>>> print(open('final05.txt').read())   # compact mmCIF, C-alpha atoms
# COMPACT_ATOMS: atom_id res chain seq x y z
CA MET U 1 8.99 -29.15 -20.91
CA THR U 2 7.90 -30.03 -24.36
CA ASP U 3 7.60 -27.56 -27.15
CA TRP U 4 4.36 -28.97 -28.50
CA LEU U 5 2.60 -28.30 -25.22
CA THR U 6 3.89 -24.73 -25.03
CA VAL U 7 3.02 -24.15 -28.68
CA SER U 8 -0.49 -25.54 -28.13
CA VAL U 9 -1.14 -23.28 -25.14
CA ILE U 10 0.21 -20.23 -26.99
CA ALA U 11 -1.87 -21.06 -30.10
CA LEU U 12 -5.08 -21.57 -28.09
CA ALA U 13 -4.50 -18.41 -26.05
CA ALA U 14 -3.79 -16.51 -29.26
CA ILE U 15 -7.13 -17.69 -30.72
CA ALA U 16 -8.86 -16.53 -27.54
CA ALA U 17 -7.07 -13.17 -27.84
CA VAL U 18 -8.20 -12.75 -31.45
CA VAL U 19 -11.79 -13.59 -30.49
CA ALA U 20 -11.61 -10.97 -27.73
CA VAL U 21 -10.30 -8.37 -30.19
CA VAL U 22 -13.16 -9.15 -32.60
CA LEU U 23 -15.67 -8.77 -29.75
CA LEU U 24 -14.03 -5.48 -28.75
CA ILE U 25 -14.30 -4.13 -32.29
CA LYS U 26 -17.93 -5.22 -32.65
CA ASP U 27 -18.64 -3.95 -29.13
CA GLU U 28 -20.31 -7.20 -28.16
CA PRO U 29 -20.05 -8.77 -24.73
CA ALA U 30 -18.34 -12.14 -24.39
CA GLN U 31 -20.71 -15.03 -25.06
CA ASP U 32 -20.95 -18.55 -23.71
CA ARG U 33 -18.82 -19.89 -26.53
CA THR U 34 -16.12 -17.36 -25.69
CA PHE U 35 -15.95 -18.82 -22.21
CA VAL U 36 -15.94 -22.36 -23.61
CA LEU U 37 -12.89 -21.37 -25.65
CA LEU U 38 -11.22 -19.95 -22.53
CA GLY U 39 -12.08 -23.22 -20.80
CA VAL U 40 -10.24 -25.14 -23.52
CA VAL U 41 -7.17 -22.94 -23.00
CA GLU U 42 -7.45 -23.56 -19.27
CA VAL U 43 -7.52 -27.34 -19.77
CA ALA U 44 -4.31 -27.09 -21.82
CA VAL U 45 -2.76 -24.97 -19.05
CA LEU U 46 -3.83 -27.56 -16.46
CA VAL U 47 -2.23 -30.35 -18.50
CA GLN U 48 0.89 -28.21 -18.65
CA LEU U 49 0.92 -27.77 -14.87
CA VAL U 50 0.86 -31.53 -14.30
CA TYR U 51 3.28 -32.23 -17.11
CA GLY U 52 5.61 -29.45 -15.98
CA ILE U 53 5.81 -30.69 -12.40
CA VAL U 54 6.46 -34.26 -13.55
CA ALA U 55 9.13 -33.01 -15.96
CA LEU U 56 10.70 -30.96 -13.17
CA THR U 57 11.08 -34.01 -10.93
CA GLN U 58 12.80 -35.93 -13.72
CA THR U 59 15.20 -33.32 -15.05
CA ASP U 60 18.67 -32.52 -13.81
CA ARG U 61 18.51 -29.00 -15.15
CA ASP U 62 19.43 -26.17 -12.81
CA ILE U 63 15.94 -24.79 -12.28
CA LEU U 64 14.53 -23.21 -9.14
CA PRO U 65 11.51 -25.40 -8.31
CA ALA U 66 9.69 -22.55 -6.52
CA LEU U 67 10.12 -20.23 -9.48
CA PHE U 68 9.06 -22.77 -12.08
CA VAL U 69 6.07 -24.11 -10.17
CA GLY U 70 5.12 -20.55 -9.24
CA TYR U 71 4.86 -19.66 -12.90
CA LEU U 72 2.89 -22.85 -13.67
CA VAL U 73 0.39 -22.10 -10.89
CA GLY U 74 0.17 -18.40 -11.82
CA ASN U 75 -0.50 -19.51 -15.37
CA LEU U 76 -3.41 -21.62 -14.11
CA LEU U 77 -4.96 -18.76 -12.12
CA VAL U 78 -4.85 -16.00 -14.76
CA LEU U 79 -7.81 -17.11 -16.89
CA PRO U 80 -10.29 -17.97 -14.09
CA ILE U 81 -9.55 -14.70 -12.31
CA GLY U 82 -9.73 -12.75 -15.57
CA ALA U 83 -13.03 -14.42 -16.53
CA PHE U 84 -14.53 -13.83 -13.11
CA TRP U 85 -13.37 -10.23 -13.11
CA SER U 86 -14.76 -9.57 -16.60
CA LEU U 87 -18.15 -11.14 -15.84
CA ALA U 88 -18.91 -8.43 -13.29
CA GLU U 89 -19.00 -5.92 -16.12
CA ARG U 90 -20.13 -7.19 -19.48
CA THR U 91 -18.95 -4.22 -21.47
CA ARG U 92 -15.90 -3.46 -23.58
CA ALA U 93 -13.91 -3.13 -20.36
CA GLY U 94 -14.86 -6.67 -19.37
CA THR U 95 -13.89 -8.00 -22.80
CA ALA U 96 -10.60 -6.10 -22.62
CA VAL U 97 -9.85 -7.93 -19.37
CA LEU U 98 -10.36 -11.26 -21.19
CA LEU U 99 -7.97 -10.11 -23.91
CA LEU U 100 -5.35 -9.13 -21.33
CA ALA U 101 -5.79 -12.44 -19.50
CA ALA U 102 -5.13 -14.35 -22.75
CA LEU U 103 -2.09 -12.17 -23.49
CA THR U 104 -0.81 -12.72 -19.94
CA VAL U 105 -0.97 -16.50 -20.50
CA ILE U 106 1.13 -16.07 -23.65
CA ALA U 107 3.65 -13.90 -21.77
CA LEU U 108 3.88 -16.49 -18.99
CA GLN U 109 4.49 -19.23 -21.58
CA LEU U 110 7.46 -17.30 -22.91
CA ARG U 111 8.81 -16.81 -19.37
CA LEU U 112 8.31 -20.49 -18.59
CA GLY U 113 10.30 -21.29 -21.70
CA THR U 114 13.24 -19.13 -20.63
CA ILE U 115 13.16 -20.52 -17.11
CA TRP U 116 13.14 -24.08 -18.44
CA ASP U 117 16.09 -23.23 -20.67
CA GLY U 118 17.96 -22.25 -17.56
CA SER U 119 18.18 -18.47 -17.37
CA GLY U 120 16.97 -18.06 -13.79
CA ALA U 121 14.90 -15.33 -12.16
CA MET R 1 -17.46 10.14 -7.84
CA ARG R 2 -17.33 7.29 -10.32
CA GLU R 3 -16.32 3.88 -9.06
CA LEU R 4 -12.58 3.42 -9.45
CA LYS R 5 -12.91 -0.23 -10.45
CA SER R 6 -15.43 0.16 -13.24
CA GLY R 7 -14.90 0.76 -16.95
CA PRO R 8 -11.24 1.49 -17.73
CA GLY R 9 -10.61 1.04 -14.03
CA ARG R 10 -11.58 -2.61 -14.34
CA ILE R 11 -8.84 -3.11 -16.92
CA LEU R 12 -6.34 -1.26 -14.73
CA VAL R 13 -7.18 -3.35 -11.67
CA PHE R 14 -6.45 -6.50 -13.65
CA VAL R 15 -3.13 -5.25 -15.02
CA TYR R 16 -2.05 -3.83 -11.65
CA GLY R 17 -3.07 -7.10 -10.03
CA VAL R 18 -0.96 -9.12 -12.45
CA PHE R 19 2.02 -6.85 -11.79
CA ALA R 20 1.48 -7.01 -8.04
CA VAL R 21 1.63 -10.81 -8.13
CA ALA R 22 4.51 -10.87 -10.63
CA ALA R 23 6.64 -8.38 -8.69
CA THR R 24 5.90 -9.99 -5.32
CA GLY R 25 6.74 -13.46 -6.60
CA ARG R 26 9.89 -12.27 -8.30
CA SER R 27 11.20 -10.32 -5.33
CA LEU R 28 10.50 -13.13 -2.86
CA VAL R 29 12.25 -15.69 -5.06
CA GLN R 30 15.21 -13.37 -5.60
CA LEU R 31 15.54 -12.46 -1.93
CA GLY R 32 15.01 -16.05 -0.86
CA VAL R 33 17.59 -17.57 -3.18
CA ASP R 34 20.49 -15.16 -3.04
CA ALA R 35 19.71 -11.86 -1.38
CA GLY R 36 23.38 -10.85 -1.31
CA ARG R 37 23.89 -10.95 -5.06
CA ALA R 38 22.06 -7.72 -5.80
CA PRO R 39 20.48 -6.40 -2.61
CA LEU R 40 19.56 -3.05 -4.14
CA ALA R 41 17.86 -4.57 -7.18
CA TYR R 42 16.00 -7.17 -5.12
CA GLY R 43 14.98 -4.65 -2.50
CA LEU R 44 13.62 -2.43 -5.26
CA SER R 45 11.69 -5.35 -6.71
CA LEU R 46 10.03 -5.81 -3.35
CA PHE R 47 9.35 -2.08 -3.11
CA ALA R 48 7.78 -2.11 -6.58
CA ALA R 49 5.67 -5.08 -5.49
CA VAL R 50 4.33 -3.16 -2.50
CA ILE R 51 3.50 -0.13 -4.67
CA TYR R 52 1.60 -2.32 -7.14
CA LEU R 53 -0.27 -4.01 -4.29
CA VAL R 54 -1.25 -0.64 -2.80
CA ALA R 55 -2.42 0.66 -6.19
CA THR R 56 -4.48 -2.49 -6.88
CA THR R 57 -6.09 -2.39 -3.44
CA CYS R 58 -6.96 1.31 -3.67
CA LEU R 59 -8.54 0.91 -7.10
CA LEU R 60 -10.61 -1.96 -5.73
CA LEU R 61 -11.70 -0.12 -2.60
CA GLY R 62 -12.65 3.17 -4.21
CA GLY R 63 -13.65 6.26 -2.27
CA ARG R 64 -11.85 9.49 -1.59
CA ARG R 65 -9.10 8.24 0.70
CA ALA R 66 -8.26 5.30 -1.57
CA TRP R 67 -8.20 7.70 -4.52
CA THR R 68 -5.63 9.89 -2.76
CA VAL R 69 -3.45 6.94 -1.78
CA ALA R 70 -3.69 5.60 -5.34
CA VAL R 71 -2.42 8.94 -6.72
CA VAL R 72 0.56 8.80 -4.35
CA ALA R 73 1.26 5.17 -5.29
CA CYS R 74 1.10 5.91 -9.03
CA ALA R 75 3.32 8.99 -8.59
CA ILE R 76 5.93 6.95 -6.69
CA GLU R 77 5.64 4.28 -9.36
CA LEU R 78 6.27 6.84 -12.11
CA ILE R 79 9.25 8.38 -10.30
CA GLY R 80 10.54 4.88 -9.52
CA VAL R 81 10.41 3.54 -13.05
CA LEU R 82 11.96 6.73 -14.48
CA THR R 83 14.75 6.84 -11.87
CA ILE R 84 15.57 3.13 -11.89
CA GLY R 85 15.18 2.99 -15.66
CA THR R 86 17.71 5.79 -16.13
CA LEU R 87 20.10 4.51 -13.45
CA SER R 88 20.12 1.00 -14.93
CA TYR R 89 21.40 2.42 -18.20
CA VAL R 90 23.83 4.93 -16.68
CA ASP R 91 25.30 2.86 -13.85
CA THR R 92 25.12 -0.77 -14.84
CA GLU R 93 27.24 -1.90 -11.89
CA LEU R 94 24.52 -0.78 -9.53
CA PHE R 95 22.20 -3.43 -10.96
CA PRO R 96 23.89 -6.80 -11.41
CA ASP R 97 20.44 -8.35 -11.71
CA LYS R 98 17.24 -6.97 -13.15
CA THR R 99 14.26 -5.51 -11.36
CA VAL R 100 10.75 -4.82 -12.60
CA TRP R 101 11.72 -1.21 -13.19
CA SER R 102 15.22 -1.53 -14.63
CA HIS R 103 15.62 -0.55 -18.29
CA PHE R 104 12.19 1.07 -18.01
CA GLY R 105 10.52 -2.32 -17.62
CA GLN R 106 11.99 -3.79 -20.78
CA GLY R 107 11.56 -7.35 -19.50
CA TYR R 108 7.84 -6.69 -19.14
CA GLY R 109 7.22 -5.16 -22.54
CA PHE R 110 7.75 -1.64 -21.14
CA LEU R 111 4.36 -1.92 -19.46
CA PRO R 112 5.82 -0.72 -16.12
CA LEU R 113 6.65 2.55 -17.90
CA VAL R 114 3.19 2.96 -19.45
CA LEU R 115 1.19 1.80 -16.45
CA PRO R 116 1.71 4.79 -14.11
CA PHE R 117 0.65 7.18 -16.89
CA LEU R 118 -2.53 5.17 -17.49
CA GLY R 119 -3.15 4.99 -13.74
CA LEU R 120 -2.72 8.73 -13.24
CA ALA R 121 -4.88 9.50 -16.30
CA TRP R 122 -7.66 7.30 -14.92
CA LEU R 123 -7.37 8.85 -11.46
CA TRP R 124 -7.46 12.32 -13.00
CA SER R 125 -10.68 11.55 -14.85
CA THR R 126 -12.23 10.18 -11.66
CA ARG R 127 -10.98 12.95 -9.36
CA PRO R 128 -13.38 13.94 -6.57
CA GLY R 129 -15.87 16.58 -7.60
CA VAL R 130 -16.02 15.54 -11.22
CA GLU R 131 -19.35 14.02 -12.17
CA ARG R 132 -19.28 11.92 -15.26
CA SER R 133 -22.14 10.78 -17.39
CA GLY R 134 -23.22 7.32 -16.37
CA ALA R 135 -22.12 7.80 -12.79
CA GLU R 136 -24.71 6.74 -10.27
CA PRO R 137 -26.02 9.60 -8.21
CA GLY R 138 -24.46 9.63 -4.79
CA SER R 139 -21.91 6.96 -5.60
>>> encode(input="final05.txt", output="structure tokens")
Amino acid sequence: MTDWLTVSVIALAAIAAVVAVVLLIKDEPAQDRTFVLLGVVEVAVLVQLVYGIVALTQTDRDILPALFVGYLVGNLLVLPIGAFWSLAERTRAGTAVLLLAALTVIALQLRLGTIWDGSGA
Amino acid sequence: MRELKSGPGRILVFVYGVFAVAATGRSLVQLGVDAGRAPLAYGLSLFAAVIYLVATTCLLLGGRRAWTVAVVACAIELIGVLTIGTLSYVDTELFPDKTVWSHFGQGYGFLPLVLPFLGLAWLWSTRPGVERSGAEPGS
């Protein structure tokens, strides 16, 4: 796994988190451009999924494939589920879900990093 | 009775859902790879996973029965995280590997410790018989 990819995903997710916090403070529902931003994060996460699986097949590190791929796939599902779940209620609660989804992506990035570095489950 | 999955409940469903998936995945990987290394810790991970799944489902379903089951699940969760959290500090040999609840959920930003309190607080404010402003009549 490359650091630049992880850093990019974390940075994009952090921007999305900040946007969500601003929306929460202003008590405004998420707008189209908020979801475009989340889409950009999702594209980066998708690239990471492909890149991660390729990297896994080429490394001789002692990594559990199920664990690593599980995290990559989980990472991919967080934002769509969070977005879908927040759309049903376009209030502060819905926006808070978007914030938590972005923070979950960041948390998963950190876990992926530790797993890649070889400290197992 | 207000819908369990709306407002703050919507946030809780998401967080409980994430923990349900995280704990299930973790326990299955741990049990699948080397169940003998720390059977107690891995078994507890699976138990925690089931509790999170039950809590998530009940919040989603709503209604009186689901509310009651959710209270039980959150109570078990609270007792679990406090007991396992304490034991993991006192008797380190008992836990050669970590669980969701060991060290009060340190590996998960202590969220496992905070979550049952939030869950119980939300269930208390939505307890049957309490009408809240904004609740739909008859819901």
>>> interface_residues(input="final05.txt", of="chain R", to="chain U", cutoff="8 Å", atoms="all atoms listed in the file", output="list in words")
Ser6, Gly7, Pro8, Arg10, Ile11, Phe14, Val15, Gly25, Arg26, Val29 and Gln30 of chain R
>>> atom_distance(input="final05.txt", atom1="atom CA of Ala20 of chain R", atom2="atom CA of Thr6 of chain U")
24.7 Å
>>> closest_residue(input="final05.txt", among="R:Ala41, R:Val114, R:Leu59, R:Val69", to="Glu3 of chain R", atoms="only C-alpha atoms")
R:Leu59
>>> atom_distance(input="final05.txt", atom1="atom CA of Val41 of chain U", atom2="atom CA of Gln58 of chain U")
25.6 Å
>>> atom_distance(input="final05.txt", atom1="atom CA of Val69 of chain U", atom2="atom CA of Val40 of chain U")
21.1 Å
>>> closest_residue(input="final05.txt", among="R:Phe19, R:Ala48, R:Cys58, R:Arg127", to="Leu111 of chain R", atoms="all atoms listed in the file")
R:Phe19
>>> residues_around(input="final05.txt", residues="Ile15 of chain U", least_positions_apart="6", cutoff="10 Å", atoms="all atoms listed in the file", output="compact mmCIF listing (two decimals) with C-alpha atoms, keeping the file's coordinate frame")
# COMPACT_ATOMS: atom_id res chain seq x y z
CA VAL U 9 -1.14 -23.28 -25.14
CA VAL U 21 -10.30 -8.37 -30.19
CA LEU U 37 -12.89 -21.37 -25.65
CA LEU U 38 -11.22 -19.95 -22.53
CA VAL U 41 -7.17 -22.94 -23.00
CA ALA U 102 -5.13 -14.35 -22.75
>>> closest_residue(input="final05.txt", among="R:Gln106, R:Thr24, R:Ser88, R:Thr56", to="Gly43 of chain R", atoms="only C-alpha atoms")
R:Thr24
>>> residues_near_point(input="final05.txt", point="(7.3, -30.8, -17.9)", cutoff="12 Å", atoms="only C-alpha atoms", output="VMD selection string")
chain U and resid 1 to 6 45 to 59 61 63 65 68 to 69 72 112 to 113 115 to 117
>>> closest_residue(input="final05.txt", among="U:Thr34, U:Gly118, U:Gln109, U:Val7", to="Asp62 of chain U", atoms="only C-alpha atoms")
U:Gly118
>>> residues_around(input="final05.txt", residues="Gly85 of chain R", least_positions_apart="3", cutoff="7 Å", atoms="only C-alpha atoms", output="ChimeraX atom specification")
/R:81-82,88-89,101-104
>>> write_last_selection(input="final05.txt", atoms="C-alpha atoms", output="PDB file, in the coordinates of the input")
ATOM      1  CA  VAL R  81      10.410   3.540 -13.050  1.00  0.00           C
ATOM      2  CA  LEU R  82      11.960   6.730 -14.480  1.00  0.00           C
ATOM      3  CA  SER R  88      20.120   1.000 -14.930  1.00  0.00           C
ATOM      4  CA  TYR R  89      21.400   2.420 -18.200  1.00  0.00           C
ATOM      5  CA  TRP R 101      11.720  -1.210 -13.190  1.00  0.00           C
ATOM      6  CA  SER R 102      15.220  -1.530 -14.630  1.00  0.00           C
ATOM      7  CA  HIS R 103      15.620  -0.550 -18.290  1.00  0.00           C
ATOM      8  CA  PHE R 104      12.190   1.070 -18.010  1.00  0.00           C
TER       9      PHE R 104
END
>>> residues_near_point(input="final05.txt", point="(-1.6, -4.2, -12.0)", cutoff="10 Å", atoms="all atoms listed in the file", output="JSON, numbers by chain")
{"R": [11, 12, 13, 14, 15, 16, 17, 18, 19, 20, 21, 22, 23, 49, 51, 52, 53, 54, 55, 56, 57, 59, 111, 112, 115, 116, 119]}
>>> closest_residue(input="final05.txt", among="R:Tyr42, R:Lys5, R:Leu87, R:Leu120", to="Val100 of chain R", atoms="only C-alpha atoms")
R:Tyr42
>>> build_atoms(input="final05.txt", residues="segment 24-50 of chain U", atoms="N, CA and C atoms", output="mmCIF file, keeping the file's coordinate frame")
data_model
loop_
_atom_site.group_PDB
_atom_site.id
_atom_site.type_symbol
_atom_site.label_atom_id
_atom_site.label_comp_id
_atom_site.auth_asym_id
_atom_site.auth_seq_id
_atom_site.Cartn_x
_atom_site.Cartn_y
_atom_site.Cartn_z
ATOM 1 N N LEU U 24 -14.285 -6.885 -29.104
ATOM 2 C CA LEU U 24 -14.030 -5.480 -28.750
ATOM 3 C C LEU U 24 -14.410 -4.564 -29.902
ATOM 4 N N ILE U 25 -14.023 -4.962 -31.119
ATOM 5 C CA ILE U 25 -14.300 -4.130 -32.290
ATOM 6 C C ILE U 25 -15.803 -4.044 -32.534
ATOM 7 N N LYS U 26 -16.478 -5.201 -32.409
ATOM 8 C CA LYS U 26 -17.930 -5.220 -32.650
ATOM 9 C C LYS U 26 -18.723 -4.701 -31.466
ATOM 10 N N ASP U 27 -18.010 -4.417 -30.372
ATOM 11 C CA ASP U 27 -18.640 -3.950 -29.130
ATOM 12 C C ASP U 27 -19.739 -4.904 -28.662
ATOM 13 N N GLU U 28 -19.384 -6.192 -28.673
ATOM 14 C CA GLU U 28 -20.310 -7.200 -28.160
ATOM 15 C C GLU U 28 -19.737 -7.805 -26.893
ATOM 16 N N PRO U 29 -20.577 -8.125 -25.935
ATOM 17 C CA PRO U 29 -20.050 -8.770 -24.730
ATOM 18 C C PRO U 29 -19.649 -10.213 -25.043
ATOM 19 N N ALA U 30 -18.780 -10.753 -24.206
ATOM 20 C CA ALA U 30 -18.340 -12.140 -24.390
ATOM 21 C C ALA U 30 -19.535 -13.075 -24.237
ATOM 22 N N GLN U 31 -19.596 -14.087 -25.118
ATOM 23 C CA GLN U 31 -20.710 -15.030 -25.060
ATOM 24 C C GLN U 31 -20.279 -16.340 -24.447
ATOM 25 N N ASP U 32 -21.249 -17.241 -24.309
ATOM 26 C CA ASP U 32 -20.950 -18.550 -23.710
ATOM 27 C C ASP U 32 -19.807 -19.245 -24.445
ATOM 28 N N ARG U 33 -19.853 -19.158 -25.782
ATOM 29 C CA ARG U 33 -18.820 -19.890 -26.530
ATOM 30 C C ARG U 33 -17.437 -19.272 -26.323
ATOM 31 N N THR U 34 -17.415 -17.974 -26.008
ATOM 32 C CA THR U 34 -16.120 -17.360 -25.690
ATOM 33 C C THR U 34 -15.538 -18.008 -24.437
ATOM 34 N N PHE U 35 -16.418 -18.236 -23.461
ATOM 35 C CA PHE U 35 -15.950 -18.820 -22.210
ATOM 36 C C PHE U 35 -15.602 -20.301 -22.372
ATOM 37 N N VAL U 36 -16.310 -20.970 -23.304
ATOM 38 C CA VAL U 36 -15.940 -22.360 -23.610
ATOM 39 C C VAL U 36 -14.522 -22.398 -24.162
ATOM 40 N N LEU U 37 -14.232 -21.453 -25.061
ATOM 41 C CA LEU U 37 -12.890 -21.370 -25.650
ATOM 42 C C LEU U 37 -11.844 -21.131 -24.553
ATOM 43 N N LEU U 38 -12.147 -20.219 -23.636
ATOM 44 C CA LEU U 38 -11.220 -19.950 -22.530
ATOM 45 C C LEU U 38 -11.059 -21.211 -21.676
ATOM 46 N N GLY U 39 -12.148 -21.968 -21.545
ATOM 47 C CA GLY U 39 -12.080 -23.220 -20.800
ATOM 48 C C GLY U 39 -11.124 -24.210 -21.444
ATOM 49 N N VAL U 40 -11.152 -24.244 -22.790
ATOM 50 C CA VAL U 40 -10.240 -25.140 -23.520
ATOM 51 C C VAL U 40 -8.783 -24.738 -23.249
ATOM 52 N N VAL U 41 -8.524 -23.425 -23.292
ATOM 53 C CA VAL U 41 -7.170 -22.940 -23.000
ATOM 54 C C VAL U 41 -6.771 -23.367 -21.588
ATOM 55 N N GLU U 42 -7.720 -23.235 -20.666
ATOM 56 C CA GLU U 42 -7.450 -23.560 -19.270
ATOM 57 C C GLU U 42 -7.108 -25.041 -19.088
ATOM 58 N N VAL U 43 -7.814 -25.903 -19.843
ATOM 59 C CA VAL U 43 -7.520 -27.340 -19.770
ATOM 60 C C VAL U 43 -6.074 -27.594 -20.220
ATOM 61 N N ALA U 44 -5.685 -26.929 -21.322
ATOM 62 C CA ALA U 44 -4.310 -27.090 -21.820
ATOM 63 C C ALA U 44 -3.307 -26.612 -20.764
ATOM 64 N N VAL U 45 -3.640 -25.517 -20.084
ATOM 65 C CA VAL U 45 -2.760 -24.970 -19.050
ATOM 66 C C VAL U 45 -2.668 -25.939 -17.862
ATOM 67 N N LEU U 46 -3.802 -26.591 -17.567
ATOM 68 C CA LEU U 46 -3.830 -27.560 -16.460
ATOM 69 C C LEU U 46 -2.951 -28.770 -16.792
ATOM 70 N N VAL U 47 -3.078 -29.246 -18.056
ATOM 71 C CA VAL U 47 -2.230 -30.350 -18.500
ATOM 72 C C VAL U 47 -0.764 -29.950 -18.352
ATOM 73 N N GLN U 48 -0.476 -28.696 -18.718
ATOM 74 C CA GLN U 48 0.890 -28.210 -18.650
ATOM 75 C C GLN U 48 1.411 -28.168 -17.210
ATOM 76 N N LEU U 49 0.530 -27.802 -16.290
ATOM 77 C CA LEU U 49 0.920 -27.770 -14.870
ATOM 78 C C LEU U 49 1.367 -29.154 -14.410
ATOM 79 N N VAL U 50 0.531 -30.154 -14.705
ATOM 80 C CA VAL U 50 0.860 -31.530 -14.300
ATOM 81 C C VAL U 50 2.127 -31.994 -15.005
#
